[in-house]
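Let me begin by presenting the structure, written as structure tokens, before commenting on it.
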Amino acid sequence: MPKKDPRVELTPAAAELLRRLHGTHGPLMFHQSGGCCDGSAPMCFPAGEFRTGGSDVLLAELAVEGVPEPVTFWMSRSQYEVWDHTRLIVDVVPGRGSGFSLEAPEGVRFLIRSRLVNT
């Protein structure tokens, strides 16, 4: 269940990229595993392509103007326990990650910025 007080937001650049990716790939989702290197970056997939389960937490259903359905944001439960006190801000920067995230061919990559919140 997403929290009442959402812990994930998008920068305008991330929202714009999601609109473009949605036009190409349809409904979208994020998953952040908490692994090393690129595993610590949010990965964007076509909705349902990454299988989630009991070891994952749905943090948010992000509303993106121009995208008809919410973009879900999932995180591995073990990472969620560490990041529970933060607001996650999905942003975009130039460069390519080495993962399978949909933005890789665009020459950019999603990343997480964060700030502490009151719990």
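Ligands are numbered from 1 in the order shown, chains are lettered A, B, ... in the order of the structure tokens, and residues start at 1 in each chain.
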
_Test item: residues at most 12 Å from Ser78 (chain A), only C-alpha atoms, excluding those fewer than 5 positions along its chain, as an MDAnalysis selection string_ = chainID A and resid 32:35 54:57 83:84

Please produce a file of those selected residues containing all heavy atoms, as a tab-separated table (two decimals), in the first residue's frame.
```tsv
chain	number	residue	atom	x	y	z
A	32	GLN	N	13.27	0.12	-7.59
A	32	GLN	CA	14.59	0.42	-7.05
A	32	GLN	C	14.97	-0.70	-6.12
A	32	GLN	O	14.33	-0.91	-5.09
A	32	GLN	CB	14.61	1.76	-6.33
A	32	GLN	CG	16.00	2.11	-5.87
A	32	GLN	CD	16.16	3.58	-5.59
A	32	GLN	OE1	15.42	4.40	-6.09
A	32	GLN	NE2	17.15	3.91	-4.79
A	33	SER	N	16.03	-1.43	-6.49
A	33	SER	CA	16.37	-2.64	-5.74
A	33	SER	C	17.27	-2.39	-4.55
A	33	SER	O	17.25	-3.15	-3.60
A	33	SER	CB	17.04	-3.65	-6.66
A	33	SER	OG	18.33	-3.18	-7.02
A	34	GLY	N	18.12	-1.39	-4.62
A	34	GLY	CA	19.04	-1.16	-3.51
A	34	GLY	C	20.33	-1.93	-3.65
A	34	GLY	O	21.14	-1.95	-2.73
A	35	GLY	N	20.56	-2.56	-4.79
A	35	GLY	CA	21.83	-3.24	-5.02
A	35	GLY	C	22.94	-2.23	-5.23
A	35	GLY	O	22.75	-1.03	-5.14
A	54	GLY	N	6.47	-10.12	-2.46
A	54	GLY	CA	6.49	-9.85	-1.04
A	54	GLY	C	7.74	-9.15	-0.55
A	54	GLY	O	7.76	-8.58	0.53
A	55	SER	N	8.81	-9.19	-1.34
A	55	SER	CA	10.04	-8.52	-0.93
A	55	SER	C	10.10	-7.08	-1.44
A	55	SER	O	11.13	-6.42	-1.32
A	55	SER	CB	11.26	-9.30	-1.44
A	55	SER	OG	11.26	-9.32	-2.85
A	56	ASP	N	8.98	-6.58	-1.99
A	56	ASP	CA	8.92	-5.21	-2.53
A	56	ASP	C	7.80	-4.43	-1.85
A	56	ASP	O	6.83	-5.00	-1.38
A	56	ASP	CB	8.64	-5.25	-4.03
A	56	ASP	CG	9.73	-5.99	-4.79
A	56	ASP	OD1	10.88	-5.50	-4.77
A	56	ASP	OD2	9.44	-7.04	-5.38
A	57	VAL	N	7.97	-3.10	-1.83
A	57	VAL	CA	6.99	-2.19	-1.25
A	57	VAL	C	6.57	-1.20	-2.32
A	57	VAL	O	7.42	-0.62	-3.00
A	57	VAL	CB	7.59	-1.42	-0.05
A	57	VAL	CG1	6.61	-0.40	0.50
A	57	VAL	CG2	8.05	-2.38	1.03
A	83	TRP	N	15.44	3.71	3.87
A	83	TRP	CA	15.04	4.99	3.28
A	83	TRP	C	13.67	5.47	3.76
A	83	TRP	O	13.16	6.47	3.26
A	83	TRP	CB	15.01	4.87	1.76
A	83	TRP	CG	16.36	4.79	1.13
A	83	TRP	CD1	17.29	3.80	1.30
A	83	TRP	CD2	16.94	5.73	0.24
A	83	TRP	NE1	18.40	4.07	0.55
A	83	TRP	CE2	18.21	5.25	-0.10
A	83	TRP	CE3	16.49	6.92	-0.31
A	83	TRP	CZ2	19.04	5.94	-0.97
A	83	TRP	CZ3	17.32	7.60	-1.18
A	83	TRP	CH2	18.58	7.12	-1.49
A	84	ASP	N	13.07	4.81	4.72
A	84	ASP	CA	11.71	5.14	5.16
A	84	ASP	C	11.55	6.58	5.63
A	84	ASP	O	10.47	7.14	5.52
A	84	ASP	CB	11.29	4.17	6.28
A	84	ASP	CG	9.86	4.41	6.72
A	84	ASP	OD1	9.01	4.67	5.85
A	84	ASP	OD2	9.59	4.33	7.93
```

Inset, instruction - Pick out each residue of region 36-101 of chain A that DSSP on the backbone tags as alpha helix (DSSP H); I need them as a ChimeraX atom specification. - result: /A:77-83

> Hey, what's within 12 Å of Leu17 (chain A) if we count only C-alpha atoms and toss same-chain stuff fewer than 2 positions away? As a PyMOL selection string, please?
Replying inline: chain A and resi 10-15+19-25+28+44+64-67+90-93+102-110

Mind dumping the selected residues with C-alpha atoms as a CSV table (one decimal), in the first residue's frame?
```csv
chain,number,residue,atom,x,y,z
A,10,LEU,CA,9.2,13.8,-9.9
A,11,THR,CA,11.2,16.7,-11.2
A,12,PRO,CA,9.8,18.4,-14.3
A,13,ALA,CA,12.6,16.8,-16.3
A,14,ALA,CA,11.7,13.3,-15.0
A,15,ALA,CA,8.0,13.9,-15.8
A,19,ARG,CA,5.7,11.3,-21.1
A,20,ARG,CA,8.1,10.4,-23.9
A,21,LEU,CA,8.7,6.9,-22.7
A,22,HIS,CA,5.0,6.3,-22.2
A,23,GLY,CA,4.4,7.4,-25.8
A,24,THR,CA,6.8,4.6,-26.9
A,25,HIS,CA,6.3,1.9,-24.4
A,28,LEU,CA,5.3,2.4,-16.9
A,44,CYS,CA,12.0,2.2,-15.4
A,64,VAL,CA,2.2,12.4,-14.5
A,65,GLU,CA,0.3,15.0,-16.6
A,66,GLY,CA,-0.3,13.6,-20.1
A,67,VAL,CA,0.0,10.0,-18.9
A,90,VAL,CA,13.2,11.1,-9.2
A,91,ASP,CA,15.4,13.2,-11.5
A,92,VAL,CA,17.1,12.8,-14.8
A,93,VAL,CA,20.8,13.5,-15.6
A,102,LEU,CA,13.9,2.3,-20.6
A,103,GLU,CA,15.7,5.7,-20.7
A,104,ALA,CA,19.1,4.2,-21.5
A,105,PRO,CA,18.8,4.8,-25.3
A,106,GLU,CA,17.9,8.4,-24.7
A,107,GLY,CA,21.4,9.2,-23.4
A,108,VAL,CA,20.1,10.0,-19.9
A,109,ARG,CA,19.5,8.2,-16.7
A,110,PHE,CA,17.1,8.4,-13.8
```

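Remark: for Ala63 (chain A), the closest of the candidate residues A:Met29, A:Ser101, A:Ser76, A:Val117 is A:Met29 (distances computed over only C-alpha atoms).
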
* **Backbone-only DSSP, strand (DSSP E or B) members of chain A, as number ranges by chain** => A: 8-10, 28-32, 43-46, 56-62, 71-76, 86-94, 108-116

Using only C-alpha atoms, the shortest atom-to-atom distance to Glu9 (chain A) among A:Ile112, A:Leu88, A:Gly95, A:Phe100 belongs to A:Leu88

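Using only C-alpha atoms, the shortest contact distance between Val8 (chain A) and any of A:Ile89, A:Gly48, A:Arg77, A:Phe30 is found at A:Ile89.
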